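Visitor: One structure is given below, represented as structure tokens, and several questions about it will come after.
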Amino acid sequence: MKIGFLQLNSTVGDFTANVKKLVSGYDQAVAQGAEFVLAPELFLCGYPPRDLLLRDDFIEANLAALDDAAKKTGPVPLCLGFVAKNPDRPGRALRNAAAILQNGKIVWRTAKCLLPTYDVFDEDRYFEPAKAIAPFEFKGRKLAITICEDIWNDEDFWPDRLYRRDPVKDAVSQGAEIILNISASPWHDGKENVRLEMLRRVARDEKVPLAQVNLVGANDELIFDGHSVALDARGNVIALGKSFAEDVFVADLGAKGQPAISFPPREAQIFSALSLGIRDYVRKCGFKSVILGLSGGIDSALTAVLAADALGKENVLGVAMPARYSSEGSLTDAEAQAKNLGIRYEILPIEPVFLAVEEQLRNVFASLKPDQTEENVQSRLRGTTLMALSNKFNGLVLTTGNKSEMAVGYCTLYGDMNGALAPLADVFKTDIYKIARWINREREIIPRNSIDKPPSAELRPNQKDQDSLPPYETLDAILDLYVVKNLSREQIIKKGFDAAMVGDVLNKINFTEYKRPCRWSSHASLPLPSACRCSSSAVFW
């Protein structure tokens, strides 16, 4: 059977645009010879819809979009994700569902069986799980229609399973000859490898071909990587969708696949993910351009490269804001970075304003020595400058802090943390250096001095990051164990780290928690979000 894959990018709440994109992709797949077409999980409303699911008008708009899409289908079936009402009460009012559209009608429906509540997922809050799964019969063959998590419970792949049921095995036991899966599977570092190996194992175990279509795009802090895949009954790859880009393609599940396949380097995957995250956040929020502070350091340099890649050089403004402690080399590096990218570059010194603030506070600070207060004033003046440019030129501010600094509070609230999006907030400092060197693999895009010089905030004389923090290699190793792997202080020390250093790092993390979440958001901030969760990419309003 020839399966069409609509690896597309939907926007939360933009039903009209989502249907238009869906129908266009469907027509392309049919023209390429598809006999059955797949579109991602909850594609019509966008993923994740979160508390928009609590709005009756949102649900009705989603159902109207489903009817509209059905009217535009022909004899080739289209399977896609939508939000269904749950007729069985008691129970939650909604279901995460899939529908098959054919010849202008909705011909079949099913619902998701396994509802994840770990990591970024909270589906059990909104949806009622399906109690049973049954294959869909098409052209004399039985197809197992599964939705994302339904396929993530293979007992031979996962040592600790989260669910008692395995919908795939249930369907195969009823004679399903092909496994089809529609997904909105978010990406994280290395996820593409784990997902592919898991799917290959399922196909091998069940001895049937498998096709999974995955969402692509970004919604707030979630990034979806695509990598839709078709596998033969031995788990070999017949076809693989593009990385972090829309893709419409057709794969014949009767073809023989390749036993080995490789993905781009880790640095390339992270770069593509971050670039996509910036592009979708800016455009889905209704903006076209971004503004960032260019300090000459590695973080702002990488952020500028990502922004130019995501939006085009003409839509990026880099701003240098020197003060008394700024080195000449920092200005030189910032200017070189702007020239290398071809982005607009402005120098707006904050020293005159800093002098005015010092004068304003002179009497009340008369008996006190300069300390972090004066350092933070400089950072906040830079934040104020960027926000003024944002308001005047209607461009979103990108803040340039990384995960290592934000985790331990080495950042200034209302200063360098100002901005709509922090693209590097979930990227460790050591990884930033690796990505920068990968960017420069063929020619110098990020000035070499920005990579080689010791990192510094330049808020006091001869300041270096390592005056306040452990070496980043050590700091990141501790943060990975504590923030990512959830090890305790004692477990980290047993791995050979100095007890006093571990205690200091963990104290910094816990004490500066107030800096990280949105002030009006109830979401926890570790692992650190890459975007302000209170923002909305929905145009439903």
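Each chain of the structure tokens is named A, B, ... in the order shown, its residues numbered from 1; ligands are numbered from 1 in display order.
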Where does DSSP see strand (DSSP E or B) in region 313-474 of chain A, if you list the residues as a list in words?

Guide: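 So the strand (DSSP E or B) residues in region 313-474 of chain A would be Val316, Leu317, Gly318, Val319, Ala320, Arg344, Tyr345, Glu346, Ile347, Leu396, Val397, Leu398 and Leu421 of chain A.
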
Visitor: Could those residues be written to a file, using N, CA, C and O atoms, as a PDB file, in the first residue's frame?

Guide:
```pdb
ATOM      1  N   VAL A 316      16.684  41.058  11.305  1.00  0.00           N
ATOM      2  CA  VAL A 316      17.409  40.968  12.579  1.00  0.00           C
ATOM      3  C   VAL A 316      18.154  42.266  12.833  1.00  0.00           C
ATOM      4  O   VAL A 316      18.883  42.758  11.973  1.00  0.00           O
ATOM      5  N   LEU A 317      17.965  42.818  14.027  1.00  0.00           N
ATOM      6  CA  LEU A 317      18.688  44.012  14.465  1.00  0.00           C
ATOM      7  C   LEU A 317      19.543  43.653  15.668  1.00  0.00           C
ATOM      8  O   LEU A 317      19.033  43.200  16.696  1.00  0.00           O
ATOM      9  N   GLY A 318      20.865  43.808  15.537  1.00  0.00           N
ATOM     10  CA  GLY A 318      21.786  43.604  16.638  1.00  0.00           C
ATOM     11  C   GLY A 318      22.205  44.941  17.226  1.00  0.00           C
ATOM     12  O   GLY A 318      22.543  45.864  16.484  1.00  0.00           O
ATOM     13  N   VAL A 319      22.199  45.036  18.556  1.00  0.00           N
ATOM     14  CA  VAL A 319      22.470  46.308  19.221  1.00  0.00           C
ATOM     15  C   VAL A 319      23.602  46.138  20.235  1.00  0.00           C
ATOM     16  O   VAL A 319      23.503  45.314  21.151  1.00  0.00           O
ATOM     17  N   ALA A 320      24.664  46.897  20.055  1.00  0.00           N
ATOM     18  CA  ALA A 320      25.735  46.957  21.052  1.00  0.00           C
ATOM     19  C   ALA A 320      25.435  48.116  21.995  1.00  0.00           C
ATOM     20  O   ALA A 320      25.086  49.210  21.549  1.00  0.00           O
ATOM     21  N   ARG A 344      21.425  44.271  10.381  1.00  0.00           N
ATOM     22  CA  ARG A 344      21.519  45.662  10.799  1.00  0.00           C
ATOM     23  C   ARG A 344      22.188  45.730  12.174  1.00  0.00           C
ATOM     24  O   ARG A 344      21.922  44.901  13.050  1.00  0.00           O
ATOM     25  N   TYR A 345      23.028  46.760  12.373  1.00  0.00           N
ATOM     26  CA  TYR A 345      23.805  46.863  13.611  1.00  0.00           C
ATOM     27  C   TYR A 345      23.806  48.300  14.095  1.00  0.00           C
ATOM     28  O   TYR A 345      24.021  49.233  13.310  1.00  0.00           O
ATOM     29  N   GLU A 346      23.500  48.464  15.365  1.00  0.00           N
ATOM     30  CA  GLU A 346      23.489  49.789  15.965  1.00  0.00           C
ATOM     31  C   GLU A 346      24.322  49.786  17.244  1.00  0.00           C
ATOM     32  O   GLU A 346      24.350  48.796  17.978  1.00  0.00           O
ATOM     33  N   ILE A 347      25.000  50.927  17.510  1.00  0.00           N
ATOM     34  CA  ILE A 347      25.722  51.113  18.766  1.00  0.00           C
ATOM     35  C   ILE A 347      24.987  52.185  19.565  1.00  0.00           C
ATOM     36  O   ILE A 347      24.902  53.342  19.144  1.00  0.00           O
ATOM     37  N   LEU A 396      10.234  41.528  18.069  1.00  0.00           N
ATOM     38  CA  LEU A 396      10.349  40.836  19.341  1.00  0.00           C
ATOM     39  C   LEU A 396      11.806  40.808  19.800  1.00  0.00           C
ATOM     40  O   LEU A 396      12.720  40.632  18.990  1.00  0.00           O
ATOM     41  N   VAL A 397      12.016  40.964  21.103  1.00  0.00           N
ATOM     42  CA  VAL A 397      13.363  40.887  21.672  1.00  0.00           C
ATOM     43  C   VAL A 397      13.700  39.435  21.990  1.00  0.00           C
ATOM     44  O   VAL A 397      12.918  38.728  22.628  1.00  0.00           O
ATOM     45  N   LEU A 398      14.856  38.989  21.512  1.00  0.00           N
ATOM     46  CA  LEU A 398      15.390  37.687  21.887  1.00  0.00           C
ATOM     47  C   LEU A 398      16.376  37.887  23.019  1.00  0.00           C
ATOM     48  O   LEU A 398      17.336  38.658  22.883  1.00  0.00           O
ATOM     49  N   LEU A 421      11.383  35.740  23.911  1.00  0.00           N
ATOM     50  CA  LEU A 421      11.824  34.362  23.715  1.00  0.00           C
ATOM     51  C   LEU A 421      13.297  34.242  24.081  1.00  0.00           C
ATOM     52  O   LEU A 421      14.101  35.111  23.747  1.00  0.00           O
TER      53      LEU A 421
END
```

Visitor: Residues within 12 Å of Trp158 (chain A), please, as an MDAnalysis selection string. Count only C-alpha atoms; anything in the same chain fewer than 6 positions from it doesn't count.

Guide: chainID A and resid 151:152 166 194:195 197:199 201:202

Visitor: Would you pick out the contacts of region 409-420 of chain A at 6 Å or less, using only C-alpha atoms, so that residues sharing its chain but fewer than 3 positions from it are not included, and give the list as a list of chain:residue names?

Guide: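 These residues fall inside the cut-off: A:Ser379, A:Arg380, A:Gly383, A:Val397, A:Leu398, A:Thr399, A:Glu405, A:Met406, A:Thr512.
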
Visitor: Can you write out the residues you just picked, keeping N, CA, C and O atoms, as a PDB file, in the first residue's frame?

Guide:
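What landed in part.pdb:
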```pdb
ATOM      1  N   SER A 379      22.732  46.165  33.384  1.00  0.00           N
ATOM      2  CA  SER A 379      21.985  45.150  32.640  1.00  0.00           C
ATOM      3  C   SER A 379      20.553  45.607  32.376  1.00  0.00           C
ATOM      4  O   SER A 379      20.016  45.422  31.285  1.00  0.00           O
ATOM      5  N   ARG A 380      19.943  46.239  33.378  1.00  0.00           N
ATOM      6  CA  ARG A 380      18.544  46.677  33.213  1.00  0.00           C
ATOM      7  C   ARG A 380      18.436  47.852  32.247  1.00  0.00           C
ATOM      8  O   ARG A 380      17.412  47.985  31.558  1.00  0.00           O
ATOM      9  N   GLY A 383      18.326  46.213  28.993  1.00  0.00           N
ATOM     10  CA  GLY A 383      17.008  45.638  28.767  1.00  0.00           C
ATOM     11  C   GLY A 383      15.984  46.691  28.396  1.00  0.00           C
ATOM     12  O   GLY A 383      15.145  46.489  27.505  1.00  0.00           O
ATOM     13  N   VAL A 397      12.016  40.964  21.103  1.00  0.00           N
ATOM     14  CA  VAL A 397      13.363  40.887  21.672  1.00  0.00           C
ATOM     15  C   VAL A 397      13.700  39.435  21.990  1.00  0.00           C
ATOM     16  O   VAL A 397      12.918  38.728  22.628  1.00  0.00           O
ATOM     17  N   LEU A 398      14.856  38.989  21.512  1.00  0.00           N
ATOM     18  CA  LEU A 398      15.390  37.687  21.887  1.00  0.00           C
ATOM     19  C   LEU A 398      16.376  37.887  23.019  1.00  0.00           C
ATOM     20  O   LEU A 398      17.336  38.658  22.883  1.00  0.00           O
ATOM     21  N   THR A 399      16.153  37.232  24.134  1.00  0.00           N
ATOM     22  CA  THR A 399      17.139  37.272  25.202  1.00  0.00           C
ATOM     23  C   THR A 399      18.148  36.150  24.970  1.00  0.00           C
ATOM     24  O   THR A 399      17.808  35.112  24.401  1.00  0.00           O
ATOM     25  N   GLU A 405      23.620  29.485  32.869  1.00  0.00           N
ATOM     26  CA  GLU A 405      23.523  30.730  33.627  1.00  0.00           C
ATOM     27  C   GLU A 405      22.166  30.875  34.291  1.00  0.00           C
ATOM     28  O   GLU A 405      22.065  31.250  35.458  1.00  0.00           O
ATOM     29  N   MET A 406      21.106  30.588  33.535  1.00  0.00           N
ATOM     30  CA  MET A 406      19.772  30.777  34.090  1.00  0.00           C
ATOM     31  C   MET A 406      19.484  29.803  35.220  1.00  0.00           C
ATOM     32  O   MET A 406      18.755  30.121  36.163  1.00  0.00           O
ATOM     33  N   THR A 512      17.401  30.932  43.314  1.00  0.00           N
ATOM     34  CA  THR A 512      17.036  31.829  42.209  1.00  0.00           C
ATOM     35  C   THR A 512      15.858  31.300  41.391  1.00  0.00           C
ATOM     36  O   THR A 512      15.617  31.763  40.279  1.00  0.00           O
TER      37      THR A 512
END
```

Visitor: Enumerate, as a PyMOL selection string, the complete set of residues in region 186-243 of chain A that a backbone-based DSSP assignment places in alpha helix (DSSP H).

Guide: chain A and resi 191-206

Visitor: Of the candidates A:Gly33, A:Gly286, A:Pro48, A:Pro90, which shows the shortest atom-to-atom distance to Phe121 (chain A), using only C-alpha atoms?

Guide: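 Counting only C-alpha atoms, the residue closest to Phe121 (chain A) is A:Pro48.
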
Visitor: Excluding region 348-363 of chain A and its own-chain neighbours fewer than 6 positions away, which residues fall within 8 Å of it when counting only C-alpha atoms? Please give them as a CSV table (one decimal) with N, CA, C and O atoms, in the first residue's frame.

Guide:
```csv
chain,number,residue,atom,x,y,z
A,319,VAL,N,22.2,45.0,18.6
A,319,VAL,CA,22.5,46.3,19.2
A,319,VAL,C,23.6,46.1,20.2
A,319,VAL,O,23.5,45.3,21.2
A,320,ALA,N,24.7,46.9,20.1
A,320,ALA,CA,25.7,47.0,21.1
A,320,ALA,C,25.4,48.1,22.0
A,320,ALA,O,25.1,49.2,21.5
A,321,MET,N,25.6,47.9,23.3
A,321,MET,CA,25.3,48.9,24.3
A,321,MET,C,26.4,49.0,25.3
A,321,MET,O,26.3,48.6,26.4
A,322,PRO,N,27.5,49.6,24.9
A,322,PRO,CA,28.7,49.7,25.7
A,322,PRO,C,28.5,50.6,26.9
A,322,PRO,O,27.7,51.6,26.9
A,323,ALA,N,29.3,50.3,28.0
A,323,ALA,CA,29.4,51.1,29.1
A,323,ALA,C,30.8,51.2,29.6
A,323,ALA,O,31.7,50.7,28.8
A,324,ARG,N,31.1,51.7,30.8
A,324,ARG,CA,32.5,51.9,31.2
A,324,ARG,C,33.3,50.7,31.2
A,324,ARG,O,34.6,50.7,31.1
A,377,VAL,N,22.1,47.4,37.4
A,377,VAL,CA,21.6,48.7,36.8
A,377,VAL,C,22.0,48.7,35.3
A,377,VAL,O,21.2,49.0,34.5
A,378,GLN,N,23.2,48.4,35.1
A,378,GLN,CA,23.7,48.4,33.7
A,378,GLN,C,22.9,47.4,32.8
A,378,GLN,O,22.5,47.7,31.7
A,381,LEU,N,19.4,48.7,32.2
A,381,LEU,CA,19.4,49.8,31.2
A,381,LEU,C,19.5,49.2,29.8
A,381,LEU,O,18.9,49.7,28.9
A,382,ARG,N,20.2,48.1,29.6
A,382,ARG,CA,20.3,47.5,28.3
A,382,ARG,C,19.0,46.8,28.0
A,382,ARG,O,18.5,46.9,26.9
```

Visitor: Mind giving me the straight-line distance from CA of Leu341 (chain A) to CA of Gly293 (chain A) in Å, one decimal?

Guide: 14.7 Å

Visitor: Quick one: of A:Met1, A:Ala388, A:Val120, A:Ile493, who's nearest to Leu292 (chain A), counting only C-alpha atoms?

Guide: A:Ala388

Visitor: For CA of Asn153 (chain A) and CA of Phe127 (chain A), determine how far apart the two atoms are, in Å to one decimal place.

Guide: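 Distance between the two atoms: 18.9 Å.
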
Visitor: Just want the 12 Å neighbourhood of Gly226 (chain A), counted on only C-alpha atoms, with same-chain residues fewer than 6 positions away dropped. Output as a PDB file with N, CA, C and O atoms, in the first residue's frame.

Guide:
```
ATOM      1  N   PHE A   5       2.287  10.865   3.331  1.00  0.00           N
ATOM      2  CA  PHE A   5       2.649  11.470   4.613  1.00  0.00           C
ATOM      3  C   PHE A   5       2.532  12.990   4.499  1.00  0.00           C
ATOM      4  O   PHE A   5       3.216  13.605   3.677  1.00  0.00           O
ATOM      5  N   LEU A   6       1.688  13.593   5.326  1.00  0.00           N
ATOM      6  CA  LEU A   6       1.564  15.047   5.364  1.00  0.00           C
ATOM      7  C   LEU A   6       2.272  15.548   6.617  1.00  0.00           C
ATOM      8  O   LEU A   6       1.666  15.764   7.666  1.00  0.00           O
ATOM      9  N   GLN A   7       3.580  15.663   6.526  1.00  0.00           N
ATOM     10  CA  GLN A   7       4.391  16.171   7.637  1.00  0.00           C
ATOM     11  C   GLN A   7       4.321  17.707   7.581  1.00  0.00           C
ATOM     12  O   GLN A   7       5.130  18.347   6.922  1.00  0.00           O
ATOM     13  N   LEU A   8       3.325  18.262   8.254  1.00  0.00           N
ATOM     14  CA  LEU A   8       3.006  19.669   8.107  1.00  0.00           C
ATOM     15  C   LEU A   8       3.062  20.407   9.438  1.00  0.00           C
ATOM     16  O   LEU A   8       3.070  19.790  10.508  1.00  0.00           O
ATOM     17  N   ASN A   9       3.068  21.727   9.347  1.00  0.00           N
ATOM     18  CA  ASN A   9       3.208  22.628  10.493  1.00  0.00           C
ATOM     19  C   ASN A   9       1.877  23.344  10.708  1.00  0.00           C
ATOM     20  O   ASN A   9       1.485  24.186   9.911  1.00  0.00           O
ATOM     21  N   ALA A  39      -2.191  12.460   8.270  1.00  0.00           N
ATOM     22  CA  ALA A  39      -1.821  13.783   8.779  1.00  0.00           C
ATOM     23  C   ALA A  39      -1.661  13.677  10.291  1.00  0.00           C
ATOM     24  O   ALA A  39      -2.211  12.768  10.931  1.00  0.00           O
ATOM     25  N   PRO A  40      -0.922  14.605  10.926  1.00  0.00           N
ATOM     26  CA  PRO A  40      -0.550  14.440  12.340  1.00  0.00           C
ATOM     27  C   PRO A  40      -1.703  14.503  13.347  1.00  0.00           C
ATOM     28  O   PRO A  40      -2.826  14.906  13.047  1.00  0.00           O
ATOM     29  N   ILE A 182      -0.451   8.379  13.829  1.00  0.00           N
ATOM     30  CA  ILE A 182      -0.407   9.831  13.633  1.00  0.00           C
ATOM     31  C   ILE A 182       0.085  10.457  14.934  1.00  0.00           C
ATOM     32  O   ILE A 182      -0.423  10.157  16.006  1.00  0.00           O
ATOM     33  N   SER A 183       1.093  11.317  14.837  1.00  0.00           N
ATOM     34  CA  SER A 183       1.790  11.777  16.032  1.00  0.00           C
ATOM     35  C   SER A 183       1.993  13.280  16.074  1.00  0.00           C
ATOM     36  O   SER A 183       2.053  13.958  15.043  1.00  0.00           O
ATOM     37  N   ALA A 184       2.097  13.770  17.307  1.00  0.00           N
ATOM     38  CA  ALA A 184       2.651  15.090  17.586  1.00  0.00           C
ATOM     39  C   ALA A 184       3.689  14.844  18.674  1.00  0.00           C
ATOM     40  O   ALA A 184       3.459  15.068  19.860  1.00  0.00           O
ATOM     41  N   SER A 185       4.819  14.328  18.249  1.00  0.00           N
ATOM     42  CA  SER A 185       5.877  13.892  19.158  1.00  0.00           C
ATOM     43  C   SER A 185       6.942  14.970  19.274  1.00  0.00           C
ATOM     44  O   SER A 185       7.714  15.192  18.339  1.00  0.00           O
ATOM     45  N   PRO A 186       6.993  15.684  20.409  1.00  0.00           N
ATOM     46  CA  PRO A 186       7.954  16.787  20.549  1.00  0.00           C
ATOM     47  C   PRO A 186       9.390  16.277  20.529  1.00  0.00           C
ATOM     48  O   PRO A 186       9.683  15.151  20.942  1.00  0.00           O
ATOM     49  N   TRP A 187      10.263  17.177  20.097  1.00  0.00           N
ATOM     50  CA  TRP A 187      11.682  16.823  19.987  1.00  0.00           C
ATOM     51  C   TRP A 187      12.451  17.254  21.230  1.00  0.00           C
ATOM     52  O   TRP A 187      12.144  18.255  21.873  1.00  0.00           O
ATOM     53  N   LYS A 191      16.082  12.735  20.507  1.00  0.00           N
ATOM     54  CA  LYS A 191      14.765  12.079  20.409  1.00  0.00           C
ATOM     55  C   LYS A 191      14.591  11.350  19.078  1.00  0.00           C
ATOM     56  O   LYS A 191      13.951  10.284  19.020  1.00  0.00           O
ATOM     57  N   GLU A 192      15.139  11.903  17.992  1.00  0.00           N
ATOM     58  CA  GLU A 192      14.937  11.285  16.690  1.00  0.00           C
ATOM     59  C   GLU A 192      15.492   9.854  16.652  1.00  0.00           C
ATOM     60  O   GLU A 192      14.897   8.966  16.029  1.00  0.00           O
ATOM     61  N   ARG A 195      13.154   7.562  18.986  1.00  0.00           N
ATOM     62  CA  ARG A 195      11.861   7.308  18.351  1.00  0.00           C
ATOM     63  C   ARG A 195      11.991   6.291  17.217  1.00  0.00           C
ATOM     64  O   ARG A 195      11.181   5.361  17.104  1.00  0.00           O
ATOM     65  N   LEU A 196      13.002   6.477  16.372  1.00  0.00           N
ATOM     66  CA  LEU A 196      13.165   5.569  15.238  1.00  0.00           C
ATOM     67  C   LEU A 196      13.455   4.151  15.709  1.00  0.00           C
ATOM     68  O   LEU A 196      12.882   3.183  15.194  1.00  0.00           O
ATOM     69  N   GLN A 212       4.495   6.083  10.328  1.00  0.00           N
ATOM     70  CA  GLN A 212       4.199   7.125  11.312  1.00  0.00           C
ATOM     71  C   GLN A 212       4.396   8.491  10.677  1.00  0.00           C
ATOM     72  O   GLN A 212       5.453   8.775  10.097  1.00  0.00           O
ATOM     73  N   VAL A 213       3.388   9.360  10.779  1.00  0.00           N
ATOM     74  CA  VAL A 213       3.536  10.743  10.357  1.00  0.00           C
ATOM     75  C   VAL A 213       3.643  11.586  11.625  1.00  0.00           C
ATOM     76  O   VAL A 213       2.881  11.416  12.568  1.00  0.00           O
ATOM     77  N   ASN A 214       4.618  12.471  11.646  1.00  0.00           N
ATOM     78  CA  ASN A 214       4.842  13.295  12.832  1.00  0.00           C
ATOM     79  C   ASN A 214       4.695  14.775  12.488  1.00  0.00           C
ATOM     80  O   ASN A 214       5.065  15.217  11.389  1.00  0.00           O
ATOM     81  N   LEU A 215       4.177  15.516  13.438  1.00  0.00           N
ATOM     82  CA  LEU A 215       4.041  16.963  13.298  1.00  0.00           C
ATOM     83  C   LEU A 215       5.415  17.605  13.159  1.00  0.00           C
ATOM     84  O   LEU A 215       6.417  17.087  13.664  1.00  0.00           O
ATOM     85  N   VAL A 216       5.470  18.748  12.478  1.00  0.00           N
ATOM     86  CA  VAL A 216       6.691  19.539  12.433  1.00  0.00           C
ATOM     87  C   VAL A 216       6.320  20.977  12.771  1.00  0.00           C
ATOM     88  O   VAL A 216       5.192  21.414  12.527  1.00  0.00           O
ATOM     89  N   GLY A 217       7.270  21.709  13.362  1.00  0.00           N
ATOM     90  CA  GLY A 217       6.999  23.102  13.724  1.00  0.00           C
ATOM     91  C   GLY A 217       7.219  23.328  15.203  1.00  0.00           C
ATOM     92  O   GLY A 217       7.662  22.437  15.935  1.00  0.00           O
ATOM     93  N   ALA A 218       6.899  24.534  15.650  1.00  0.00           N
ATOM     94  CA  ALA A 218       7.085  24.885  17.057  1.00  0.00           C
ATOM     95  C   ALA A 218       5.878  25.656  17.554  1.00  0.00           C
ATOM     96  O   ALA A 218       5.326  26.496  16.844  1.00  0.00           O
ATOM     97  N   LEU A 240      12.092   8.286   4.941  1.00  0.00           N
ATOM     98  CA  LEU A 240      12.218   9.117   6.145  1.00  0.00           C
ATOM     99  C   LEU A 240      11.956  10.561   5.781  1.00  0.00           C
ATOM    100  O   LEU A 240      12.536  11.097   4.825  1.00  0.00           O
ATOM    101  N   GLY A 241      11.070  11.212   6.533  1.00  0.00           N
ATOM    102  CA  GLY A 241      10.746  12.604   6.283  1.00  0.00           C
ATOM    103  C   GLY A 241      11.882  13.537   6.649  1.00  0.00           C
ATOM    104  O   GLY A 241      12.817  13.172   7.362  1.00  0.00           O
ATOM    105  N   LYS A 242      11.790  14.756   6.173  1.00  0.00           N
ATOM    106  CA  LYS A 242      12.815  15.770   6.419  1.00  0.00           C
ATOM    107  C   LYS A 242      12.933  16.107   7.906  1.00  0.00           C
ATOM    108  O   LYS A 242      12.020  15.877   8.687  1.00  0.00           O
ATOM    109  N   SER A 243      14.091  16.685   8.252  1.00  0.00           N
ATOM    110  CA  SER A 243      14.327  17.142   9.624  1.00  0.00           C
ATOM    111  C   SER A 243      13.876  18.590   9.773  1.00  0.00           C
ATOM    112  O   SER A 243      14.325  19.463   9.019  1.00  0.00           O
ATOM    113  N   PHE A 244      12.971  18.862  10.716  1.00  0.00           N
ATOM    114  CA  PHE A 244      12.575  20.224  11.092  1.00  0.00           C
ATOM    115  C   PHE A 244      12.076  21.042   9.897  1.00  0.00           C
ATOM    116  O   PHE A 244      12.317  22.233   9.807  1.00  0.00           O
ATOM    117  N   ALA A 245      11.394  20.380   8.976  1.00  0.00           N
ATOM    118  CA  ALA A 245      10.850  21.058   7.801  1.00  0.00           C
ATOM    119  C   ALA A 245       9.624  20.315   7.329  1.00  0.00           C
ATOM    120  O   ALA A 245       9.504  19.091   7.517  1.00  0.00           O
ATOM    121  N   GLU A 246       8.700  21.041   6.707  1.00  0.00           N
ATOM    122  CA  GLU A 246       7.522  20.393   6.159  1.00  0.00           C
ATOM    123  C   GLU A 246       7.929  19.456   5.018  1.00  0.00           C
ATOM    124  O   GLU A 246       8.889  19.712   4.297  1.00  0.00           O
ATOM    125  N   ASP A 247       7.140  18.398   4.866  1.00  0.00           N
ATOM    126  CA  ASP A 247       7.472  17.413   3.836  1.00  0.00           C
ATOM    127  C   ASP A 247       6.199  16.646   3.480  1.00  0.00           C
ATOM    128  O   ASP A 247       5.473  16.189   4.377  1.00  0.00           O
ATOM    129  N   VAL A 248       5.904  16.550   2.220  1.00  0.00           N
ATOM    130  CA  VAL A 248       4.801  15.722   1.721  1.00  0.00           C
ATOM    131  C   VAL A 248       5.421  14.668   0.814  1.00  0.00           C
ATOM    132  O   VAL A 248       6.061  15.001  -0.188  1.00  0.00           O
ATOM    133  N   GLN A 269      21.389  19.119  14.415  1.00  0.00           N
ATOM    134  CA  GLN A 269      20.009  18.895  14.851  1.00  0.00           C
ATOM    135  C   GLN A 269      19.562  19.981  15.830  1.00  0.00           C
ATOM    136  O   GLN A 269      18.458  20.524  15.730  1.00  0.00           O
ATOM    137  N   SER A 272      19.074  23.302  13.950  1.00  0.00           N
ATOM    138  CA  SER A 272      17.844  23.316  13.170  1.00  0.00           C
ATOM    139  C   SER A 272      16.624  23.459  14.069  1.00  0.00           C
ATOM    140  O   SER A 272      15.662  24.169  13.731  1.00  0.00           O
ATOM    141  N   ALA A 273      16.651  22.787  15.210  1.00  0.00           N
ATOM    142  CA  ALA A 273      15.529  22.871  16.146  1.00  0.00           C
ATOM    143  C   ALA A 273      15.364  24.288  16.681  1.00  0.00           C
ATOM    144  O   ALA A 273      14.243  24.831  16.727  1.00  0.00           O
ATOM    145  N   LEU A 276      14.093  26.700  13.937  1.00  0.00           N
ATOM    146  CA  LEU A 276      12.663  26.496  13.723  1.00  0.00           C
ATOM    147  C   LEU A 276      11.857  27.094  14.870  1.00  0.00           C
ATOM    148  O   LEU A 276      10.802  27.707  14.663  1.00  0.00           O
TER     149      LEU A 276
END
```

Visitor: Which distance in Å separates CA of Pro116 (chain A) and CA of Phe263 (chain A), to one decimal?

Guide: 26.8 Å

Visitor: Please identify all polymer residues within 8 Å of Leu424 (chain A), counting only C-alpha atoms, omitting same-chain residues fewer than 5 positions from it, and present them as number ranges by chain.

Guide: A: 274, 299, 303, 400-403, 530
